[in-house]
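Notes to accompany the following structure.
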Amino acid sequence: NSSGTDAELVEPDGAEVIFTIRDQNAPGGIRQQPWRFHSRTECLRCHNPWVNYALGFTAPQLNRGVEYRNNRPVSGAISPDSAVENRQTEPTVSDNQLRVFSHLGFFDQAHDARVRPRFVNPSDTGAEISERARSWLHVNCAHCHREGAGGAVVSHFDYDTPSAKMQAIGQVPSQGDFGLRGAHVVTGGDPYSSTLLYRISTSGQGRMPRIGSRLIDEAGVQLMRDWIKQMPSTSGEKVPQHAGWADLRKEDADRLTELLKFGSAEDRQTELIDRLLETSNGALALQSETGKQGQAFMQLVSERARSHSSFQVRDLFERFLPPEQRVRKLGSDVRPEMILGLQGDAARGRTLFFQEGTQCSRCHRVGGQGVDLGPDLSAISKKLQPGQILESILFPSRVIDPGFVAYQVETKDDLSYSGFVIRRTDREIVLKDANAKEIRLPVDEVRSIQSQPVSVMPELLLQDLTAQDAADLLAFLSSQ
């Protein structure tokens, strides 16, 4: 509550409040911080069966050295296997955290720290970069992006999955390329053609995580950029470097190099910025430097980007604008009556439906166009009124069509699969996965099959649209 004396359970659909935060790095020194109290189904997106619905620290995170004084930890991680006493005025003892927990009886068996994997601190520049990157990806992404966790993208970012089997490096993105030339989820040697980097760099459509913070983890973005840049290219050769930027077109790399030189004439700066903004690759590279060049440069770039015709470009630079200059979007606390009260443009809604940022056509079909994963929406207005259509978008887990209930299947060899059951006989179970591919599993190899309580379609799909965008999209669907 507002007085800070007690806590109350949020309503089932969640809620949102806005805090005013003093932040010296924000335009004007002030930023508005939305805080989402998640709905029941939003929570279940991450608190999924793979982790038995609980999320917390994992053994590889706790497998580290910690300094204790008077039986209390007093510092961060140190050498993981040290166990020495510090003879100062206030004695401290250093030991492996898991070994301490084992000694205190938290585990059924004695623990040997050497037999467990160990994450590294992503900020530790002395550690191997792939270890830093894989640790960051596991903690930030692997609760959804791992085998059996039910994410709509097949890339697996858990630490246990070898890099070659992540289905990310050299993998063509299944949920849109955001206008990036030569896009892969991770394009070896080329961060600016990697949708992974784009998704963690934008605060708009396509942002990951979809649920949670909308702020950019600058250190995490830099780590992912450096990790991807040092990889071999998909052809096995090191990608040519141009002025320190990976496989940007030579002319884009030259433009960026010139732009960052002090003393460029203002007209020339504007020309170079506009040329870089012509492609998502150039824009992503420019964004990586914008926050480092001072307030005047940041203002010049963000002003040029804010009126760009491509949302993929605009959204990359929105965070550099003062809050009052940003496009007002629906956010996570959507009011249906606001959308239903607007006159929608069905023609513009059609463009939005097939625009990759909304991802509608990545799962649904209309008039034979789109992907045959979720329900075909070609005649949806015969089944649902506009208000019901909107409700099904905002709250997809309230009513799930029986044919589109997701199932998690575990096999006797400890593999896990998720998808729709499209056929089930005495001999086999056939699933359709997130890529609309069939998975055939012999019944005698299945250990368990369990329906999931949430829809494959995620909540908050409209959060990065304006109210008018949503009204236009609704008008298009209601015309079918």
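Simple scheme: letters A, B, ... for chains in structure tokens order, numbers from 1 for residues in each chain, numbers from 1 for ligands in the order shown.
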Compile the contact shell of region 169-172 of chain A as an mmCIF file with all heavy atoms, in the first residue's frame: residues with an atom at most 8 Å away, counting only C-alpha atoms, same-chain residues fewer than 6 positions apart removed.
```cif
data_model
loop_
_atom_site.group_PDB
_atom_site.id
_atom_site.type_symbol
_atom_site.label_atom_id
_atom_site.label_comp_id
_atom_site.auth_asym_id
_atom_site.auth_seq_id
_atom_site.Cartn_x
_atom_site.Cartn_y
_atom_site.Cartn_z
ATOM 1 N N SER A 163 26.817 -24.760 -27.232
ATOM 2 C CA SER A 163 26.584 -23.665 -28.177
ATOM 3 C C SER A 163 26.106 -24.173 -29.533
ATOM 4 O O SER A 163 25.220 -23.579 -30.158
ATOM 5 C CB SER A 163 27.861 -22.843 -28.354
ATOM 6 O OG SER A 163 28.210 -22.194 -27.154
ATOM 7 N N ALA A 183 19.799 -11.664 -41.359
ATOM 8 C CA ALA A 183 19.498 -11.892 -39.934
ATOM 9 C C ALA A 183 19.539 -13.362 -39.545
ATOM 10 O O ALA A 183 19.081 -14.240 -40.284
ATOM 11 C CB ALA A 183 18.130 -11.306 -39.598
ATOM 12 N N HIS A 184 20.097 -13.620 -38.383
ATOM 13 C CA HIS A 184 19.970 -14.870 -37.652
ATOM 14 C C HIS A 184 19.697 -14.495 -36.200
ATOM 15 O O HIS A 184 19.863 -13.338 -35.812
ATOM 16 C CB HIS A 184 21.246 -15.706 -37.731
ATOM 17 C CG HIS A 184 21.653 -16.080 -39.120
ATOM 18 N ND1 HIS A 184 22.475 -15.288 -39.882
ATOM 19 C CD2 HIS A 184 21.328 -17.151 -39.888
ATOM 20 C CE1 HIS A 184 22.648 -15.850 -41.067
ATOM 21 N NE2 HIS A 184 21.965 -16.984 -41.105
ATOM 22 N N VAL A 185 19.256 -15.457 -35.418
ATOM 23 C CA VAL A 185 19.120 -15.177 -33.988
ATOM 24 C C VAL A 185 20.465 -14.692 -33.467
ATOM 25 O O VAL A 185 20.565 -13.658 -32.800
ATOM 26 C CB VAL A 185 18.646 -16.426 -33.219
ATOM 27 C CG1 VAL A 185 18.551 -16.130 -31.720
ATOM 28 C CG2 VAL A 185 17.298 -16.902 -33.759
ATOM 29 N N VAL A 186 21.516 -15.427 -33.751
ATOM 30 C CA VAL A 186 22.889 -14.985 -33.516
ATOM 31 C C VAL A 186 23.655 -15.191 -34.816
ATOM 32 O O VAL A 186 23.775 -16.320 -35.292
ATOM 33 C CB VAL A 186 23.563 -15.772 -32.373
ATOM 34 C CG1 VAL A 186 25.036 -15.406 -32.269
ATOM 35 C CG2 VAL A 186 22.857 -15.513 -31.048
ATOM 36 N N THR A 187 24.138 -14.110 -35.407
ATOM 37 C CA THR A 187 24.934 -14.194 -36.622
ATOM 38 C C THR A 187 26.398 -14.119 -36.224
ATOM 39 O O THR A 187 26.879 -13.063 -35.814
ATOM 40 C CB THR A 187 24.590 -13.043 -37.596
ATOM 41 O OG1 THR A 187 23.183 -13.053 -37.851
ATOM 42 C CG2 THR A 187 25.338 -13.197 -38.907
ATOM 43 N N GLY A 188 27.092 -15.248 -36.310
ATOM 44 C CA GLY A 188 28.469 -15.301 -35.853
ATOM 45 C C GLY A 188 29.329 -14.203 -36.437
ATOM 46 O O GLY A 188 29.374 -14.015 -37.649
ATOM 47 N N THR A 234 29.390 -17.794 -39.899
ATOM 48 C CA THR A 234 28.717 -19.057 -40.195
ATOM 49 C C THR A 234 29.446 -19.849 -41.264
ATOM 50 O O THR A 234 29.258 -21.054 -41.394
ATOM 51 C CB THR A 234 27.271 -18.795 -40.657
ATOM 52 O OG1 THR A 234 27.293 -17.840 -41.731
ATOM 53 C CG2 THR A 234 26.439 -18.231 -39.523
#
```
- [ ] Could you tell me, as a ChimeraX atom specification, which residues of region 372-412 of chain A DSSP assigns to helix (DSSP H, G or I) when given the backbone?
- [x] /A:380-382,386-394,402-404
TODO: Determine which residues of region 365-462 of chain A DSSP labels as strand (DSSP E) from the backbone of this structure, then write them out as a count of residues only.
DONE: 35
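Residues in contact with region 418-425 of chain A at 7 Å, where only C-alpha atoms are counted and same-chain residues fewer than 2 positions away are skipped, are listed as Gly148, Gly150, Phe404, Val405, Ala406, Tyr407, Gln408, Val409, Ser416, Arg427, Glu428, Ile429, Val430, Leu431, Lys432, Asp433 and Ala434 of chain A.
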- [ ] Go through A:Val313, A:Val301, A:Leu342, A:Val139 and flag the residue nearest Leu180 (chain A), using only C-alpha atoms for the distances.
- [x] A:Val313
Please report, as JSON lines, each residue of region 287-311 of chain A lying at most 12 Å from region 325-333 of chain A, together with the nearest pair of atoms and the separation in Å rounded to one decimal; use only C-alpha atoms, and order rows by chain and ascending residue number.
```
{"residue": "A:Gln299", "atom": "CA", "partner": "A:Gln325", "partner_atom": "CA", "distance": 11.6}
{"residue": "A:Ser302", "atom": "CA", "partner": "A:Gln325", "partner_atom": "CA", "distance": 10.4}
{"residue": "A:Glu303", "atom": "CA", "partner": "A:Gln325", "partner_atom": "CA", "distance": 9.8}
{"residue": "A:Ala305", "atom": "CA", "partner": "A:Arg326", "partner_atom": "CA", "distance": 11.5}
{"residue": "A:Arg306", "atom": "CA", "partner": "A:Arg326", "partner_atom": "CA", "distance": 8.3}
{"residue": "A:Ser307", "atom": "CA", "partner": "A:Val327", "partner_atom": "CA", "distance": 10.6}
{"residue": "A:Phe311", "atom": "CA", "partner": "A:Val327", "partner_atom": "CA", "distance": 11.1}
```
Go ahead and write the selection's residues with N, CA, C and O atoms as an mmCIF file, in the first residue's frame.
```cif
data_model
loop_
_atom_site.group_PDB
_atom_site.id
_atom_site.type_symbol
_atom_site.label_atom_id
_atom_site.label_comp_id
_atom_site.auth_asym_id
_atom_site.auth_seq_id
_atom_site.Cartn_x
_atom_site.Cartn_y
_atom_site.Cartn_z
ATOM 1 N N GLN A 299 20.948 13.906 -28.432
ATOM 2 C CA GLN A 299 19.754 14.654 -28.833
ATOM 3 C C GLN A 299 19.630 14.714 -30.346
ATOM 4 O O GLN A 299 18.528 14.557 -30.896
ATOM 5 N N SER A 302 18.560 11.136 -31.628
ATOM 6 C CA SER A 302 17.189 10.776 -31.258
ATOM 7 C C SER A 302 16.165 11.624 -31.990
ATOM 8 O O SER A 302 15.079 11.146 -32.334
ATOM 9 N N GLU A 303 16.511 12.882 -32.269
ATOM 10 C CA GLU A 303 15.600 13.743 -33.027
ATOM 11 C C GLU A 303 15.438 13.239 -34.455
ATOM 12 O O GLU A 303 14.350 13.267 -35.017
ATOM 13 N N ALA A 305 15.825 10.137 -35.412
ATOM 14 C CA ALA A 305 15.206 8.807 -35.393
ATOM 15 C C ALA A 305 13.720 8.848 -35.053
ATOM 16 O O ALA A 305 12.955 7.987 -35.501
ATOM 17 N N ARG A 306 13.277 9.833 -34.285
ATOM 18 C CA ARG A 306 11.909 9.822 -33.765
ATOM 19 C C ARG A 306 10.856 9.932 -34.860
ATOM 20 O O ARG A 306 9.723 9.469 -34.695
ATOM 21 N N SER A 307 11.215 10.520 -35.996
ATOM 22 C CA SER A 307 10.255 10.674 -37.088
ATOM 23 C C SER A 307 10.476 9.647 -38.196
ATOM 24 O O SER A 307 9.890 9.764 -39.273
ATOM 25 N N PHE A 311 9.178 1.467 -37.485
ATOM 26 C CA PHE A 311 9.119 1.315 -36.030
ATOM 27 C C PHE A 311 10.379 0.613 -35.520
ATOM 28 O O PHE A 311 10.829 0.846 -34.393
#
```
Open item on the list: Excluding Arg275 (chain A) and its own-chain neighbours fewer than 3 positions away, which residues fall within 10 Å of it when counting only C-alpha atoms? Please give them as a PyMOL selection string.
Closed with: chain A and resi 251-252+255-256+269-272+278-279+282-283
For the selection you just gave me, I'd like the residues written to a file as a short mmCIF file (atom, residue, chain, number, x, y, z; two decimals), in the first residue's frame, keeping N, CA and C atoms.
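Once everything was written out, this is part.cif:
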```cif
data_model
loop_
_atom_site.label_atom_id
_atom_site.label_comp_id
_atom_site.auth_asym_id
_atom_site.auth_seq_id
_atom_site.Cartn_x
_atom_site.Cartn_y
_atom_site.Cartn_z
N GLU A 251 30.46 0.89 -46.33
CA GLU A 251 30.09 2.30 -46.32
C GLU A 251 29.45 2.71 -45.00
N ASP A 252 28.68 1.79 -44.36
CA ASP A 252 28.09 2.11 -43.07
C ASP A 252 29.17 2.25 -42.00
N ARG A 255 30.84 5.51 -42.47
CA ARG A 255 29.99 6.61 -41.99
C ARG A 255 30.02 6.73 -40.48
N LEU A 256 29.95 5.60 -39.81
CA LEU A 256 29.95 5.62 -38.35
C LEU A 256 31.29 6.12 -37.83
N GLN A 269 26.92 15.72 -40.22
CA GLN A 269 26.48 14.81 -39.17
C GLN A 269 25.06 14.31 -39.44
N THR A 270 24.19 15.24 -39.78
CA THR A 270 22.80 14.88 -40.06
C THR A 270 22.70 13.92 -41.23
N GLU A 271 23.49 14.19 -42.28
CA GLU A 271 23.49 13.32 -43.45
C GLU A 271 23.96 11.91 -43.09
N LEU A 272 25.02 11.82 -42.31
CA LEU A 272 25.56 10.51 -41.92
C LEU A 272 24.57 9.74 -41.05
N GLU A 278 19.00 4.23 -42.48
CA GLU A 278 18.31 3.62 -43.61
C GLU A 278 18.11 2.12 -43.43
N THR A 279 18.96 1.48 -42.63
CA THR A 279 18.82 0.04 -42.38
C THR A 279 18.79 -0.21 -40.88
N GLY A 282 22.44 -0.66 -39.61
CA GLY A 282 23.14 0.60 -39.35
C GLY A 282 22.60 1.30 -38.12
N ALA A 283 21.27 1.25 -37.94
CA ALA A 283 20.65 1.88 -36.77
C ALA A 283 21.10 1.21 -35.48
#
```
- [ ] With a distance cut-off of 7 Å and only C-alpha atoms, select the neighbouring residues of Arg447 (chain A), excluding the residue or stretch itself and same-chain residues fewer than 3 positions from it, and output the selection as a count of residues only.
- [x] 3
TODO: Tell me, as a PyMOL selection string, which residues lie within 8 Å of Ala346 (chain A), counting only C-alpha atoms; anything in the same chain fewer than 2 positions away does not count.
DONE: chain A and resi 344+348-350+472-477+479
- [ ] Have a look at CA of Ala59 (chain A) and CA of Thr125 (chain A) and let me know their distance in Å, one decimal.
- [x] 22.2 Å
